[in-house]
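Q: Okay, handing you the structure first.
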Amino acid sequence: MRITVFGANGPTGRRLVDQALAAGHEVVAVTRRPGSIAGRPGLAVAVADATDPGGVDAAVGGTDAVLSVLGTPYSKKEITTYSASARTITEAMARHGVKRLLAVSSSIADPHWRPTGAHFFNLVLDPLVNRRLGRTLHEDMRRMEAVIRETDLDWTLVRPSGLFEHPVVTDYHTAETSADGVFTARSDLAASMLREAAERRYVRTAMGVITTAVKPNIAKLIWNEGVKKK
Ligand SMILES: NC(=O)c1ccc[n+]([C@@H]2O[C@H](COP(=O)([O-])OP(=O)(O)OC[C@H]3O[C@@H](n4cnc5c(N)ncnc54)[C@H](OP(=O)(O)O)[C@@H]3O)[C@@H](O)[C@H]2O)c1
């Protein structure tokens with residue numbers, strides 16, 4: 001398959017590109033930063049902002065599937081990156097007759113998502129971090145989901161829980177709408193998207209994905225995601 005990856009230079013995107021190339025796919029890696037992704041056999045780099053129709057058009061033409069793992073940090077201001085890029089990408093896909101789209105959203109987009117037994121998370125962390133600090137980001141994720149749902153494409157909204165780094169793919173779990181767990185390893189998120197691109201079990205619906213085989217170190221998680229990543 002020829003796969004176009006938006007957010008290819010991000011922490012999930014790099015894993016997705018590596019896994020796709022290892023599986024024998026051709027990859028078009030989209031980044032806004034020229035020179036930030038080294039060329040490799042099977043890999044073409046496209047420099048484009050995902051909200052710029054011209055750049056997106058060139059990256060999407062001739063591909064078999066588009067996988068978007070792009071993201072932006074929390075902000076008090078209104079965020080539009082997710083919905084604006086979804087509009088640009090889906091319009092380019094429609095123009096080129098490319099049907100298969102997988103776009104990362106979040107478990108938070110399911111209003112009923114409350115992981116079982118995760119009392120501290122459900123009562124303290126989720127309201128404070130996701131729903132207050134991350135309010136504007138998650139509002140735009142919901143707008144992105146609405147944009148994608150309105151298209152005729154073969155879309156899958158991919159909803160991970162809290163992301164963390166783990167070196168290998170584990171025996172991750174997927175479920176329709178959202179999955180019952182607090183954490184998702186980026187290696188598993190990437191692997192679940194590649195598998196779903198081929199298997200098509202969640203076409204025109206949302207796929208939750210969680211990691212249960214390993215748990216992140218919480219101090220490391222806060223450092224990596226909250227401090228170092230800024
Ligand atoms: N952190 C969590 O716990 C969590 C939980 C659930 C869901 N998610 C979502 O999971 C996804 C992946 O997260 P991540 O931490 O791996 O990645 P990320 O750091 O959020 O972002 C990945 C990449 O997106 C690219 N990007 C941003 N705006 C762009 C634009 N306008 N055009 C083109 N590229 C753009 C950037 O690449 P360049 O600068 O190279 O262009 C960036 O490296 C995100 O959508 C995130 O919101 C995260």
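Chain labels follow the order of the structure tokens: the first chain is A, the next B, and so on; residue numbering restarts at 1 in every chain, and ligands are counted from 1 in their shown order.
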Find the nearest atom pair between each residue of range 118-166 of chain A and range 203-227 of chain A for residues within 6 Å, count only C-alpha atoms, give distances in Å to one decimal, sort rows by chain and ascending number, and present the table as a Markdown table.
A:
| residue | atom | partner | partner_atom | distance |
| --- | --- | --- | --- | --- |
| A:Asp154 | CA | A:Val203 | CA | 5.7 |
| A:Trp155 | CA | A:Arg204 | CA | 5.0 |
| A:Thr156 | CA | A:Val203 | CA | 5.3 |
| A:Leu157 | CA | A:Ala206 | CA | 4.5 |
| A:Val158 | CA | A:Met207 | CA | 5.0 |
| A:Arg159 | CA | A:Gly208 | CA | 4.5 |
| A:Pro160 | CA | A:Val209 | CA | 5.0 |
Q: Store the residues of this selection in a file with N, CA, C and O atoms, as an mmCIF file, in the first residue's frame.
A:
data_model
loop_
_atom_site.group_PDB
_atom_site.id
_atom_site.type_symbol
_atom_site.label_atom_id
_atom_site.label_comp_id
_atom_site.auth_asym_id
_atom_site.auth_seq_id
_atom_site.Cartn_x
_atom_site.Cartn_y
_atom_site.Cartn_z
ATOM 1 N N ASP A 154 -14.157 6.329 3.440
ATOM 2 C CA ASP A 154 -14.105 5.152 4.320
ATOM 3 C C ASP A 154 -13.237 5.537 5.516
ATOM 4 O O ASP A 154 -12.059 5.197 5.594
ATOM 5 N N TRP A 155 -13.835 6.276 6.454
ATOM 6 C CA TRP A 155 -13.044 6.830 7.547
ATOM 7 C C TRP A 155 -13.103 5.957 8.787
ATOM 8 O O TRP A 155 -14.077 5.223 9.012
ATOM 9 N N THR A 156 -12.048 6.076 9.593
ATOM 10 C CA THR A 156 -12.041 5.509 10.947
ATOM 11 C C THR A 156 -11.470 6.576 11.873
ATOM 12 O O THR A 156 -10.387 7.102 11.623
ATOM 13 N N LEU A 157 -12.221 6.927 12.913
ATOM 14 C CA LEU A 157 -11.722 7.847 13.934
ATOM 15 C C LEU A 157 -11.015 6.993 14.979
ATOM 16 O O LEU A 157 -11.632 6.087 15.548
ATOM 17 N N VAL A 158 -9.743 7.262 15.197
ATOM 18 C CA VAL A 158 -8.953 6.419 16.103
ATOM 19 C C VAL A 158 -8.804 7.142 17.439
ATOM 20 O O VAL A 158 -8.293 8.251 17.492
ATOM 21 N N ARG A 159 -9.306 6.504 18.495
ATOM 22 C CA ARG A 159 -9.372 7.161 19.810
ATOM 23 C C ARG A 159 -8.476 6.451 20.823
ATOM 24 O O ARG A 159 -8.909 5.477 21.458
ATOM 25 N N PRO A 160 -7.240 6.963 20.994
ATOM 26 C CA PRO A 160 -6.388 6.422 22.056
ATOM 27 C C PRO A 160 -6.700 7.102 23.377
ATOM 28 O O PRO A 160 -7.338 8.160 23.410
#
Q: Counting only C-alpha atoms and all ligand atoms, which residues of chain A sit at most 6 Å from some atom of ligand 1, and what is each one's closest atom pair with its distance in Å to one decimal, listed by chain and rising residue number, as CSV?
A:
residue,atom,partner,partner_atom_place_in_ligand_line,distance
A:Phe6,CA,ligand 1,34 (N),5.9
A:Gly7,CA,ligand 1,24 (O),3.8
A:Asn9,CA,ligand 1,40 (O),4.6
A:Gly10,CA,ligand 1,43 (O),3.3
A:Pro11,CA,ligand 1,16 (O),4.1
A:Thr12,CA,ligand 1,16 (O),3.6
A:Thr31,CA,ligand 1,41 (O),3.9
A:Arg32,CA,ligand 1,41 (O),3.7
A:Arg33,CA,ligand 1,40 (O),5.1
A:Asp49,CA,ligand 1,32 (N),3.7
A:Ala50,CA,ligand 1,32 (N),3.7
A:Thr51,CA,ligand 1,31 (N),5.6
A:Val69,CA,ligand 1,12 (C),4.7
A:Leu70,CA,ligand 1,24 (O),3.3
A:Gly71,CA,ligand 1,20 (O),3.3
A:Thr72,CA,ligand 1,20 (O),4.7
A:Thr81,CA,ligand 1,31 (N),5.7
A:Val104,CA,ligand 1,45 (O),5.4
A:Ser105,CA,ligand 1,7 (C),5.5
A:Ser106,CA,ligand 1,7 (C),4.2
A:Pro160,CA,ligand 1,6 (C),5.0
A:Ser161,CA,ligand 1,6 (C),4.9
A:Gly162,CA,ligand 1,3 (O),3.5
A:Leu163,CA,ligand 1,3 (O),3.9
Q: Can you write just those residues out, N, CA and C atoms, as a compact mmCIF listing (two decimals), in the first residue's frame?
A:
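Resulting contents of part03.txt:
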# COMPACT_ATOMS: atom_id res chain seq x y z
N PHE A 6 0.19 12.17 7.91
CA PHE A 6 0.26 13.55 8.43
C PHE A 6 0.69 13.49 9.89
N GLY A 7 1.60 14.41 10.26
CA GLY A 7 2.16 14.35 11.62
C GLY A 7 3.29 13.34 11.69
N ASN A 9 6.39 13.50 11.65
CA ASN A 9 7.56 13.83 12.44
C ASN A 9 7.27 13.87 13.94
N GLY A 10 6.03 13.65 14.32
CA GLY A 10 5.68 13.66 15.75
C GLY A 10 6.04 12.32 16.38
N PRO A 11 5.89 12.22 17.70
CA PRO A 11 6.29 10.99 18.38
C PRO A 11 5.51 9.74 17.93
N THR A 12 4.23 9.87 17.62
CA THR A 12 3.51 8.71 17.09
C THR A 12 3.83 8.54 15.61
N THR A 31 5.42 16.69 6.71
CA THR A 31 5.88 17.51 7.82
C THR A 31 5.92 18.96 7.35
N ARG A 32 5.85 19.89 8.33
CA ARG A 32 6.00 21.30 7.95
C ARG A 32 7.45 21.72 7.95
N ARG A 33 8.34 20.83 8.46
CA ARG A 33 9.74 21.24 8.66
C ARG A 33 10.68 20.53 7.69
N ASP A 49 1.92 22.22 5.19
CA ASP A 49 1.04 22.45 6.34
C ASP A 49 -0.27 21.74 6.00
N ALA A 50 -0.81 20.99 6.96
CA ALA A 50 -2.01 20.20 6.68
C ALA A 50 -3.25 21.07 6.47
N THR A 51 -3.12 22.36 6.68
CA THR A 51 -4.26 23.25 6.41
C THR A 51 -4.10 23.98 5.08
N VAL A 69 -1.88 11.56 12.21
CA VAL A 69 -1.55 11.54 13.65
C VAL A 69 -1.03 12.90 14.07
N LEU A 70 -1.45 13.93 13.35
CA LEU A 70 -0.95 15.27 13.70
C LEU A 70 -1.62 15.75 14.97
N GLY A 71 -0.96 16.65 15.64
CA GLY A 71 -1.50 17.15 16.90
C GLY A 71 -0.89 18.48 17.27
N THR A 72 -1.48 19.09 18.27
CA THR A 72 -1.02 20.41 18.71
C THR A 72 -1.14 20.47 20.24
N THR A 81 -6.55 23.59 14.49
CA THR A 81 -5.68 22.73 13.67
C THR A 81 -6.38 21.43 13.24
N VAL A 104 -6.45 10.34 14.01
CA VAL A 104 -6.40 10.20 15.47
C VAL A 104 -7.21 11.29 16.13
N SER A 105 -8.07 10.86 17.04
CA SER A 105 -8.83 11.74 17.90
C SER A 105 -8.43 11.37 19.34
N SER A 106 -9.38 11.12 20.21
CA SER A 106 -9.05 10.78 21.59
C SER A 106 -10.25 10.08 22.23
N PRO A 160 -7.24 6.96 20.99
CA PRO A 160 -6.39 6.42 22.06
C PRO A 160 -6.70 7.10 23.38
N SER A 161 -6.21 6.53 24.47
CA SER A 161 -6.27 7.19 25.78
C SER A 161 -4.92 7.89 26.00
N GLY A 162 -4.51 8.11 27.25
CA GLY A 162 -3.28 8.88 27.50
C GLY A 162 -2.06 8.22 26.86
N LEU A 163 -1.35 8.96 26.02
CA LEU A 163 -0.24 8.36 25.27
C LEU A 163 1.03 8.29 26.11
Q: By how many Å are CA of Glu78 in chain A and CA of Pro127 in chain A apart?
A: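 Going from CA of Glu78 in chain A over to CA of Pro127 in chain A covers 18.7 Å.
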Q: Among the residues of range 2-209 of chain A, find those DSSP assigns to strand (DSSP E or B) from the backbone and print them as JSON, numbers by chain.
A: {"A": [2, 3, 4, 5, 6, 26, 27, 28, 29, 30, 31, 40, 43, 44, 45, 46, 47, 65, 66, 67, 68, 100, 101, 102, 103, 104, 154, 155, 156, 157, 158, 159, 160, 162, 163, 164, 173, 174, 175, 176, 183, 184, 185, 205, 206, 207, 208, 209]}
Q: May I ask which of the residues A:Asp126, A:Glu165, A:Asp18, A:Asp110 is the closest one to Glu145 in chain A, counting only C-alpha atoms?
A: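 Of all the options, A:Asp110 lies closest to Glu145 in chain A.
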Q: Can you measure CA of Ala118 in chain A to CA of Tyr172 in chain A for me? One decimal in Å is fine.
A: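 Computed distance, CA of Ala118 in chain A to CA of Tyr172 in chain A, equals 18.4 Å.
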Q: Using only C-alpha atoms, determine which residues lie at most 7 Å from Val98 in chain A, disregarding the query and same-chain residues fewer than 3 positions distant; provide the list as a ChimeraX atom specification.
A: /A:63-65,93-94
Q: Might you pull out every residue within 10 Å of Ala86 in chain A, with only C-alpha atoms counted and same-chain residues fewer than 5 positions away left off, and present them as a list of chain:residue names?
A: A:Ala50, A:Thr51, A:Ser68, A:Thr80, A:Thr81, A:Glu91, A:Ala92, A:Ala103, A:Met141, A:Arg143, A:Met144, A:Glu145, A:Ala146, A:Val147, A:Ile148
Q: Take the residues just selected and output them with C-alpha atoms as a PDB file, in the first residue's frame.
A:
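Saved result, out_12.pdb, follows:
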ATOM      1  CA  ALA A  50      -2.006  20.203   6.685  1.00  0.00           C
ATOM      2  CA  THR A  51      -4.257  23.249   6.410  1.00  0.00           C
ATOM      3  CA  SER A  68      -3.317  11.422  10.281  1.00  0.00           C
ATOM      4  CA  THR A  80      -8.540  24.958  14.887  1.00  0.00           C
ATOM      5  CA  THR A  81      -5.685  22.728  13.669  1.00  0.00           C
ATOM      6  CA  GLU A  91     -11.392  17.700   0.340  1.00  0.00           C
ATOM      7  CA  ALA A  92      -8.074  16.692  -1.263  1.00  0.00           C
ATOM      8  CA  ALA A 103      -7.507  10.126  11.845  1.00  0.00           C
ATOM      9  CA  MET A 141     -11.163  17.295  18.027  1.00  0.00           C
ATOM     10  CA  ARG A 143     -15.271  19.457  15.293  1.00  0.00           C
ATOM     11  CA  MET A 144     -12.720  17.345  13.386  1.00  0.00           C
ATOM     12  CA  GLU A 145     -14.759  14.219  14.035  1.00  0.00           C
ATOM     13  CA  ALA A 146     -17.900  15.992  12.755  1.00  0.00           C
ATOM     14  CA  VAL A 147     -16.107  17.138   9.576  1.00  0.00           C
ATOM     15  CA  ILE A 148     -14.910  13.602   8.868  1.00  0.00           C
TER      16      ILE A 148
END
Q: Extract, using only C-alpha atoms, all DNA, RNA and protein residues at most 12 Å from Gly24 in chain A, discarding same-chain residues fewer than 6 positions from it, and format them as a PDB file with N, CA and C atoms, in the first residue's frame.
A:
ATOM      1  N   MET A   1       0.842  -1.197   0.000  1.00  0.00           N
ATOM      2  CA  MET A   1       0.000   0.000   0.000  1.00  0.00           C
ATOM      3  C   MET A   1       0.878   1.248   0.000  1.00  0.00           C
ATOM      4  N   ARG A   2       0.386   2.306  -0.640  1.00  0.00           N
ATOM      5  CA  ARG A   2       1.045   3.616  -0.515  1.00  0.00           C
ATOM      6  C   ARG A   2       0.245   4.420   0.508  1.00  0.00           C
ATOM      7  N   ILE A   3       0.940   4.866   1.557  1.00  0.00           N
ATOM      8  CA  ILE A   3       0.273   5.504   2.693  1.00  0.00           C
ATOM      9  C   ILE A   3       0.816   6.909   2.889  1.00  0.00           C
ATOM     10  N   VAL A  17       5.607   5.652  10.713  1.00  0.00           N
ATOM     11  CA  VAL A  17       6.417   5.587   9.487  1.00  0.00           C
ATOM     12  C   VAL A  17       7.352   4.376   9.549  1.00  0.00           C
ATOM     13  N   ASP A  18       8.030   4.187  10.680  1.00  0.00           N
ATOM     14  CA  ASP A  18       8.952   3.043  10.818  1.00  0.00           C
ATOM     15  C   ASP A  18       8.208   1.720  10.642  1.00  0.00           C
ATOM     16  N   PRO A  41      14.767   4.198   1.764  1.00  0.00           N
ATOM     17  CA  PRO A  41      14.069   3.471   0.704  1.00  0.00           C
ATOM     18  C   PRO A  41      12.593   3.297   1.065  1.00  0.00           C
ATOM     19  N   GLY A  42      11.714   3.598   0.136  1.00  0.00           N
ATOM     20  CA  GLY A  42      10.270   3.460   0.353  1.00  0.00           C
ATOM     21  C   GLY A  42       9.629   4.690   0.938  1.00  0.00           C
ATOM     22  N   LEU A  43      10.446   5.686   1.320  1.00  0.00           N
ATOM     23  CA  LEU A  43       9.913   6.874   1.999  1.00  0.00           C
ATOM     24  C   LEU A  43      10.091   8.127   1.143  1.00  0.00           C
ATOM     25  N   LEU A 194      -2.172   0.893  11.425  1.00  0.00           N
ATOM     26  CA  LEU A 194      -1.716   0.157  10.233  1.00  0.00           C
ATOM     27  C   LEU A 194      -2.569  -1.090  10.024  1.00  0.00           C
TER      28      LEU A 194
END
Q: Determine the nearest neighbour of Thr136 in chain A from the options A:Ala29, A:Ala22, A:Ile79, A:Val45, counting only C-alpha atoms.
A: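 For Thr136 in chain A, the nearest of the given residues is A:Ile79.
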